[in-house]
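Structure file model.cif with mmCIF, C-alpha atoms:
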```
data_protein
#
loop_
_atom_site.label_atom_id
_atom_site.label_comp_id
_atom_site.auth_asym_id
_atom_site.auth_seq_id
_atom_site.Cartn_x
_atom_site.Cartn_y
_atom_site.Cartn_z
CA MET A 1276 35.36 -64.82 -23.18
CA ASP A 1277 31.84 -66.15 -23.23
CA PRO A 1278 29.58 -63.28 -24.45
CA LEU A 1279 26.75 -64.53 -22.23
CA LEU A 1280 28.87 -63.55 -19.24
CA LEU A 1281 29.38 -59.97 -20.41
CA ASN A 1282 27.62 -57.35 -18.31
CA ILE A 1283 26.14 -55.15 -21.01
CA PRO A 1284 24.01 -52.28 -19.74
CA THR A 1285 20.41 -52.13 -20.85
CA GLN A 1286 20.61 -48.34 -20.98
CA LEU A 1287 23.12 -45.92 -22.47
CA GLU A 1288 22.96 -42.13 -22.28
CA THR A 1289 24.15 -39.19 -24.35
CA ASN A 1290 23.67 -35.48 -23.74
CA ARG A 1291 20.11 -35.52 -25.10
CA LEU A 1292 19.18 -39.17 -25.43
CA ILE A 1293 18.50 -42.39 -23.59
CA LEU A 1294 19.15 -45.61 -25.50
CA ARG A 1295 17.26 -48.47 -23.86
CA ALA A 1296 17.19 -52.15 -24.69
CA PRO A 1297 13.72 -53.54 -25.46
CA SER A 1298 11.76 -54.74 -22.48
CA ALA A 1299 10.19 -58.17 -22.18
CA SER A 1300 6.86 -56.68 -23.22
CA GLY A 1301 5.13 -53.41 -23.99
CA ASP A 1302 7.39 -51.63 -26.50
CA GLY A 1303 5.42 -52.62 -29.59
CA LYS A 1304 2.84 -49.84 -29.37
CA ILE A 1305 5.23 -46.87 -29.30
CA VAL A 1306 7.48 -48.36 -31.98
CA ASN A 1307 4.49 -49.17 -34.17
CA GLU A 1308 3.15 -45.61 -33.90
CA ALA A 1309 6.50 -44.27 -35.14
CA ILE A 1310 6.55 -46.75 -38.02
CA VAL A 1311 3.01 -45.77 -39.05
CA ASP A 1312 3.87 -42.05 -38.89
CA SER A 1313 7.12 -42.57 -40.85
CA ILE A 1314 6.13 -45.32 -43.30
CA ASN A 1315 6.59 -43.22 -46.45
CA GLU A 1316 10.25 -42.54 -45.65
CA LEU A 1317 11.05 -45.94 -44.11
CA LYS A 1318 9.68 -47.97 -46.99
CA LEU A 1319 12.21 -46.41 -49.37
CA TRP A 1320 15.07 -48.15 -47.55
CA LEU A 1321 13.81 -50.86 -45.18
CA PRO A 1322 12.26 -54.20 -46.18
CA PHE A 1323 10.25 -54.48 -42.93
CA ALA A 1324 8.41 -51.25 -43.82
CA GLN A 1325 6.92 -52.37 -47.13
CA THR A 1326 3.58 -52.90 -45.44
CA LEU A 1327 2.29 -51.45 -42.22
CA PRO A 1328 2.91 -53.94 -39.43
CA SER A 1329 0.28 -54.50 -36.79
CA VAL A 1330 0.97 -53.57 -33.18
CA GLU A 1331 1.19 -57.30 -32.43
CA GLU A 1332 3.81 -57.83 -35.17
CA THR A 1333 5.86 -54.93 -33.83
CA GLU A 1334 5.52 -56.23 -30.28
CA ARG A 1335 6.70 -59.65 -31.47
CA SER A 1336 9.73 -58.05 -33.13
CA ALA A 1337 10.55 -56.16 -29.91
CA ARG A 1338 10.32 -59.36 -27.86
CA ILE A 1339 12.59 -61.22 -30.29
CA ALA A 1340 15.06 -58.32 -30.01
CA TYR A 1341 14.88 -58.66 -26.22
CA ILE A 1342 15.65 -62.40 -26.46
CA ASN A 1343 18.55 -61.75 -28.85
CA TYR A 1344 19.86 -59.12 -26.44
CA LEU A 1345 19.88 -61.65 -23.61
CA LYS A 1346 21.56 -64.22 -25.86
CA ARG A 1347 24.17 -61.58 -26.82
CA GLU A 1348 23.47 -62.16 -30.54
CA SER A 1349 22.33 -58.62 -31.36
CA PHE A 1350 21.63 -55.49 -29.34
CA ARG A 1351 18.68 -53.28 -30.21
CA TYR A 1352 18.26 -49.96 -28.45
CA LEU A 1353 15.13 -47.81 -28.48
CA ILE A 1354 16.04 -44.13 -28.56
CA PHE A 1355 14.21 -41.66 -26.33
CA HIS A 1356 14.62 -37.95 -25.78
CA LYS A 1357 15.81 -37.35 -22.20
CA GLU A 1358 13.62 -34.34 -21.49
CA THR A 1359 10.42 -35.09 -23.40
CA GLU A 1360 10.64 -38.91 -23.24
CA ASP A 1361 9.53 -39.00 -26.90
CA PHE A 1362 10.41 -42.17 -28.80
CA ILE A 1363 12.79 -41.13 -31.58
CA GLY A 1364 13.90 -44.29 -33.35
CA ILE A 1365 15.93 -47.48 -33.13
CA THR A 1366 19.58 -48.37 -33.42
CA SER A 1367 21.23 -51.72 -33.00
CA TYR A 1368 24.34 -53.81 -33.18
CA GLU A 1369 23.57 -56.54 -35.75
CA THR A 1370 25.53 -59.49 -37.14
CA VAL A 1371 27.72 -59.60 -34.04
CA ASP A 1372 30.74 -61.84 -34.51
CA TRP A 1373 32.39 -62.40 -31.15
CA ASP A 1374 35.31 -64.34 -32.71
CA ILE A 1375 36.74 -61.21 -34.38
CA PRO A 1376 35.00 -59.33 -32.47
CA LYS A 1377 32.98 -57.07 -34.77
CA SER A 1378 29.48 -55.86 -35.50
CA GLU A 1379 27.33 -53.83 -37.85
CA ILE A 1380 25.23 -50.88 -36.70
CA GLY A 1381 21.75 -50.34 -38.13
CA TYR A 1382 19.30 -47.53 -37.46
CA TRP A 1383 16.10 -45.76 -38.38
CA ILE A 1384 14.51 -42.55 -37.11
CA ALA A 1385 10.91 -41.38 -36.86
CA THR A 1386 10.37 -38.78 -39.56
CA LYS A 1387 9.30 -35.99 -37.21
CA PHE A 1388 12.67 -36.18 -35.39
CA SER A 1389 14.87 -36.29 -38.50
CA GLY A 1390 17.31 -33.45 -39.07
CA ASN A 1391 18.09 -32.70 -35.41
CA GLY A 1392 21.31 -34.73 -35.11
CA TYR A 1393 19.70 -37.30 -32.80
CA MET A 1394 20.72 -40.31 -34.84
CA THR A 1395 24.29 -39.10 -35.26
CA GLU A 1396 24.44 -38.65 -31.47
CA ALA A 1397 23.07 -42.16 -30.88
CA ILE A 1398 25.44 -43.78 -33.40
CA GLU A 1399 28.41 -41.94 -31.95
CA LYS A 1400 27.52 -43.41 -28.54
CA LEU A 1401 27.15 -46.93 -29.96
CA THR A 1402 30.42 -46.59 -31.86
CA GLN A 1403 32.41 -45.52 -28.80
CA PHE A 1404 30.69 -48.04 -26.53
CA GLY A 1405 31.33 -50.83 -29.04
CA LEU A 1406 35.01 -50.02 -29.47
CA LYS A 1407 35.83 -49.20 -25.85
CA GLN A 1408 33.54 -51.31 -23.67
CA LEU A 1409 32.58 -54.25 -25.88
CA GLY A 1410 36.01 -54.53 -27.46
CA PHE A 1411 34.83 -54.60 -31.06
CA LYS A 1412 37.79 -54.39 -33.41
CA ARG A 1413 35.57 -53.40 -36.33
CA ILE A 1414 32.16 -51.74 -36.67
CA GLU A 1415 30.42 -51.44 -40.02
CA ILE A 1416 27.55 -49.33 -41.30
CA ARG A 1417 26.01 -50.49 -44.58
CA CYS A 1418 23.59 -48.41 -46.61
CA ASP A 1419 22.31 -47.72 -50.10
CA PRO A 1420 24.46 -45.16 -51.98
CA GLU A 1421 21.32 -43.11 -52.72
CA ASN A 1422 20.37 -42.84 -49.04
CA SER A 1423 22.21 -39.59 -48.42
CA LYS A 1424 20.80 -39.08 -44.91
CA SER A 1425 22.03 -42.49 -43.80
CA ARG A 1426 25.41 -42.03 -45.49
CA SER A 1427 26.00 -38.70 -43.76
CA ILE A 1428 26.09 -40.33 -40.32
CA PRO A 1429 29.20 -42.53 -40.75
CA GLN A 1430 30.82 -39.76 -42.75
CA ARG A 1431 30.35 -37.29 -39.85
CA LEU A 1432 31.65 -39.82 -37.33
CA GLY A 1433 34.94 -40.63 -39.07
CA TYR A 1434 34.05 -44.00 -40.58
CA ASP A 1435 35.96 -44.85 -43.75
CA LEU A 1436 34.09 -45.70 -46.94
CA GLU A 1437 35.81 -48.99 -47.71
CA GLY A 1438 33.93 -49.59 -50.91
CA ILE A 1439 30.68 -49.80 -52.80
CA LEU A 1440 29.57 -53.31 -53.65
CA LYS A 1441 27.77 -53.42 -57.00
CA ASN A 1442 24.51 -55.37 -57.27
CA ASP A 1443 25.03 -56.53 -53.70
CA ASP A 1444 21.48 -56.38 -52.38
CA LYS A 1445 17.87 -56.02 -53.40
CA SER A 1446 15.92 -52.82 -53.04
CA ALA A 1447 13.64 -52.58 -50.01
CA ASP A 1448 10.65 -53.37 -52.24
CA ASP A 1449 12.49 -56.39 -53.71
CA ARG A 1450 12.10 -55.09 -57.30
CA GLU A 1451 15.68 -54.35 -58.36
CA LEU A 1452 19.30 -54.94 -57.49
CA ARG A 1453 21.01 -52.19 -55.50
CA ASP A 1454 24.55 -51.30 -54.55
CA THR A 1455 25.77 -51.19 -50.95
CA CYS A 1456 28.16 -48.69 -49.35
CA ILE A 1457 30.33 -50.22 -46.64
CA TYR A 1458 31.60 -47.82 -44.04
CA ALA A 1459 33.83 -49.08 -41.23
CA ILE A 1460 35.69 -47.86 -38.22
CA ILE A 1461 38.31 -50.01 -36.58
CA GLN A 1462 40.05 -50.19 -33.27
CA LYS A 1463 43.70 -49.59 -33.93
CA ARG A 1464 45.90 -52.65 -33.40
CA GLY A 1465 47.50 -52.73 -30.00
CA THR A 1466 44.74 -50.71 -28.32
#
```

How does this structure look as structure tokens?
Amino acid sequence: MDPLLLNIPTQLETNRLILRAPSASGDGKIVNEAIVDSINELKLWLPFAQTLPSVEETERSARIAYINYLKRESFRYLIFHKETEDFIGITSYETVDWDIPKSEIGYWIATKFSGNGYMTEAIEKLTQFGLKQLGFKRIEIRCDPENSKSRSIPQRLGYDLEGILKNDDKSADDRELRDTCIYAIIQKRGT
């Protein structure tokens, strides 16, 4: 099947959250505010957060994500609280390989919303949607072994730790080699 012909919703919902694809314009400001407020935590793990991006840079990133969504190459979702409409963070399907089909899930949360189970709820939704509606046979979550908050999400959701790759990546600040945990969940054969 041609992925461009797939009808993939621009919005997903959970009990407490709305996951919405980036719009063609206007998401940069709210995302940038969350990055600025959370920079000290984000820069420990994410290369994009080594310096504060401008609103324009964040808007550009959101528009590229929108284009990639339309091209069915990756799927970024902005996470909002249903009741308060607060922006909580971002999750996405990255490195989509339609030939297998498989994908990797990435995520980050605004510091002030951490510890409430929001990201676990969002990743559970993406996992089930990916396996059941998109037909992914494999979904991976990769993270640094020292990032205990990130590791706890796939562990809670039944992903298997398939291994830890030694000296697999560089640290977010590009100063040292780091290991990478690979968690995966698969669709059972025949389903």

Chain and number of each residue from the PyMOL selection byres ((chain A and resi 1314) around 9), as a VMD selection string: chain A and resid 1309 to 1313 1315 to 1319 1324 to 1327 1385 to 1386

Tell me, counting all atoms listed in the file, for each residue of stretch 1352-1390 of chain A within 12 Å of stretch 1426-1436 of chain A, which pair of atoms is nearest and how far apart they are in Å to one decimal, in rows ordered by chain and increasing number, as JSON lines.
```
{"residue": "A:Glu1379", "atom": "CA", "partner": "A:Pro1429", "partner_atom": "CA", "distance": 11.8}
{"residue": "A:Ile1380", "atom": "CA", "partner": "A:Pro1429", "partner_atom": "CA", "distance": 10.1}
{"residue": "A:Gly1381", "atom": "CA", "partner": "A:Pro1429", "partner_atom": "CA", "distance": 11.1}
{"residue": "A:Tyr1382", "atom": "CA", "partner": "A:Ile1428", "partner_atom": "CA", "distance": 10.3}
{"residue": "A:Trp1383", "atom": "CA", "partner": "A:Ile1428", "partner_atom": "CA", "distance": 11.5}
{"residue": "A:Gly1390", "atom": "CA", "partner": "A:Ser1427", "partner_atom": "CA", "distance": 11.2}
```

Nearest to A:Val1330, chosen from A:Glu1348, A:Ser1300, A:Thr1359, A:Asp1454, with all atoms listed in the file counted in the distances: A:Ser1300

Interatomic distance, atom CA of A:Arg1450 to atom CA of A:Pro1322 (Å, one decimal):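 Between atom CA of A:Arg1450 and atom CA of A:Pro1322 the gap is 11.2 Å.
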
If you count all atoms listed in the file, which residues fall within 6 Å of A:Arg1413, apart from same-chain ones fewer than 3 positions away, as a short mmCIF file (atom, residue, chain, number, x, y, z; two decimals) with C-alpha atoms, keeping the file's coordinate frame?
```cif
data_model
loop_
_atom_site.label_atom_id
_atom_site.label_comp_id
_atom_site.auth_asym_id
_atom_site.auth_seq_id
_atom_site.Cartn_x
_atom_site.Cartn_y
_atom_site.Cartn_z
CA LYS A 1377 32.98 -57.07 -34.77
CA ILE A 1460 35.69 -47.86 -38.22
CA ILE A 1461 38.31 -50.01 -36.58
#
```

Neighbour residues at most 10 Å from (22.9, -41.2, -24.0) (all atoms listed in the file) as a VMD selection string: chain A and resid 1286 to 1295 1354 to 1357 1396 to 1397 1399 to 1401

Selected residue, from A:Val1371, A:Ser1389, A:Ile1305, A:Pro1278, that lies nearest to A:Ser1425 when counting only C-alpha atoms: A:Ser1389

Exercise: A:Ile1375 partners within 12 Å, only C-alpha atoms, chain neighbours under 6 positions left out, as JSON, numbers by chain: {"A": [1276, 1409, 1410, 1411, 1412, 1413, 1414, 1461, 1462]}

Saved selection, atoms kept: C-alpha atoms, as a compact mmCIF listing (two decimals), in the frame of the given file:
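See result14.txt below for the written result:
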```txt
# COMPACT_ATOMS: atom_id res chain seq x y z
CA MET A 1276 35.36 -64.82 -23.18
CA LEU A 1409 32.58 -54.25 -25.88
CA GLY A 1410 36.01 -54.53 -27.46
CA PHE A 1411 34.83 -54.60 -31.06
CA LYS A 1412 37.79 -54.39 -33.41
CA ARG A 1413 35.57 -53.40 -36.33
CA ILE A 1414 32.16 -51.74 -36.67
CA ILE A 1461 38.31 -50.01 -36.58
CA GLN A 1462 40.05 -50.19 -33.27
```

Model the absent atoms of stretch 1426-1437 of chain A so that all heavy atoms are present, and write the result as a short mmCIF file (atom, residue, chain, number, x, y, z; two decimals), in the coordinates of the input.
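Saved file rebuild.cif follows:
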```
data_model
loop_
_atom_site.label_atom_id
_atom_site.label_comp_id
_atom_site.auth_asym_id
_atom_site.auth_seq_id
_atom_site.Cartn_x
_atom_site.Cartn_y
_atom_site.Cartn_z
N ARG A 1426 23.97 -42.12 -45.21
CA ARG A 1426 25.41 -42.03 -45.49
C ARG A 1426 26.09 -40.92 -44.70
O ARG A 1426 27.27 -41.04 -44.34
CB ARG A 1426 25.64 -41.80 -46.99
CG ARG A 1426 25.34 -42.99 -47.85
CD ARG A 1426 25.71 -42.73 -49.28
NE ARG A 1426 27.16 -42.77 -49.42
CZ ARG A 1426 27.79 -42.69 -50.58
NH1 ARG A 1426 27.12 -42.58 -51.70
NH2 ARG A 1426 29.10 -42.75 -50.63
N SER A 1427 25.37 -39.84 -44.44
CA SER A 1427 26.00 -38.70 -43.76
C SER A 1427 26.42 -39.03 -42.34
O SER A 1427 27.36 -38.43 -41.81
CB SER A 1427 25.05 -37.49 -43.76
OG SER A 1427 23.93 -37.72 -42.93
N ILE A 1428 25.77 -40.01 -41.71
CA ILE A 1428 26.09 -40.33 -40.32
C ILE A 1428 27.49 -40.94 -40.19
O ILE A 1428 28.33 -40.40 -39.45
CB ILE A 1428 25.00 -41.21 -39.69
CG1 ILE A 1428 23.71 -40.39 -39.57
CG2 ILE A 1428 25.44 -41.77 -38.34
CD1 ILE A 1428 22.49 -41.17 -39.16
N PRO A 1429 27.82 -42.02 -40.89
CA PRO A 1429 29.20 -42.53 -40.75
C PRO A 1429 30.25 -41.54 -41.26
O PRO A 1429 31.36 -41.48 -40.71
CB PRO A 1429 29.19 -43.83 -41.56
CG PRO A 1429 28.02 -43.73 -42.48
CD PRO A 1429 27.02 -42.87 -41.76
N GLN A 1430 29.88 -40.75 -42.25
CA GLN A 1430 30.82 -39.76 -42.75
C GLN A 1430 31.16 -38.73 -41.67
O GLN A 1430 32.32 -38.36 -41.48
CB GLN A 1430 30.26 -39.07 -44.00
CG GLN A 1430 30.19 -39.98 -45.19
CD GLN A 1430 29.36 -39.42 -46.34
OE1 GLN A 1430 28.68 -38.39 -46.22
NE2 GLN A 1430 29.41 -40.11 -47.48
N ARG A 1431 30.14 -38.26 -40.93
CA ARG A 1431 30.35 -37.29 -39.85
C ARG A 1431 31.17 -37.88 -38.70
O ARG A 1431 31.86 -37.14 -38.00
CB ARG A 1431 29.01 -36.81 -39.29
CG ARG A 1431 28.41 -35.68 -40.06
CD ARG A 1431 27.22 -35.09 -39.29
NE ARG A 1431 26.15 -34.88 -40.24
CZ ARG A 1431 25.00 -35.54 -40.27
NH1 ARG A 1431 24.73 -36.45 -39.39
NH2 ARG A 1431 24.12 -35.28 -41.19
N LEU A 1432 31.03 -39.18 -38.50
CA LEU A 1432 31.65 -39.82 -37.33
C LEU A 1432 33.03 -40.43 -37.61
O LEU A 1432 33.58 -41.13 -36.76
CB LEU A 1432 30.70 -40.89 -36.77
CG LEU A 1432 29.38 -40.34 -36.22
CD1 LEU A 1432 28.48 -41.47 -35.78
CD2 LEU A 1432 29.63 -39.35 -35.08
N GLY A 1433 33.58 -40.18 -38.79
CA GLY A 1433 34.94 -40.63 -39.07
C GLY A 1433 35.07 -42.05 -39.56
O GLY A 1433 36.17 -42.60 -39.58
N TYR A 1434 33.97 -42.67 -39.96
CA TYR A 1434 34.05 -44.00 -40.58
C TYR A 1434 34.66 -43.83 -41.97
O TYR A 1434 34.46 -42.82 -42.64
CB TYR A 1434 32.65 -44.59 -40.75
CG TYR A 1434 32.04 -45.20 -39.51
CD1 TYR A 1434 31.68 -44.43 -38.42
CD2 TYR A 1434 31.78 -46.57 -39.45
CE1 TYR A 1434 31.09 -44.99 -37.30
CE2 TYR A 1434 31.20 -47.15 -38.34
CZ TYR A 1434 30.85 -46.35 -37.26
OH TYR A 1434 30.26 -46.91 -36.16
N ASP A 1435 35.39 -44.84 -42.40
CA ASP A 1435 35.96 -44.85 -43.75
C ASP A 1435 35.01 -45.56 -44.70
O ASP A 1435 34.47 -46.63 -44.36
CB ASP A 1435 37.30 -45.60 -43.77
CG ASP A 1435 38.38 -44.87 -43.01
OD1 ASP A 1435 38.44 -43.62 -43.09
OD2 ASP A 1435 39.16 -45.54 -42.31
N LEU A 1436 34.82 -44.99 -45.89
CA LEU A 1436 34.09 -45.70 -46.94
C LEU A 1436 35.07 -46.69 -47.55
O LEU A 1436 36.00 -46.32 -48.25
CB LEU A 1436 33.57 -44.73 -48.00
CG LEU A 1436 32.88 -45.37 -49.20
CD1 LEU A 1436 31.64 -46.16 -48.78
CD2 LEU A 1436 32.51 -44.31 -50.23
N GLU A 1437 34.88 -47.96 -47.24
CA GLU A 1437 35.81 -48.99 -47.71
C GLU A 1437 35.49 -49.45 -49.12
O GLU A 1437 36.33 -50.02 -49.79
CB GLU A 1437 35.79 -50.19 -46.76
CG GLU A 1437 36.39 -49.87 -45.41
CD GLU A 1437 36.52 -51.09 -44.54
OE1 GLU A 1437 35.76 -52.07 -44.71
OE2 GLU A 1437 37.41 -51.08 -43.66
#
```
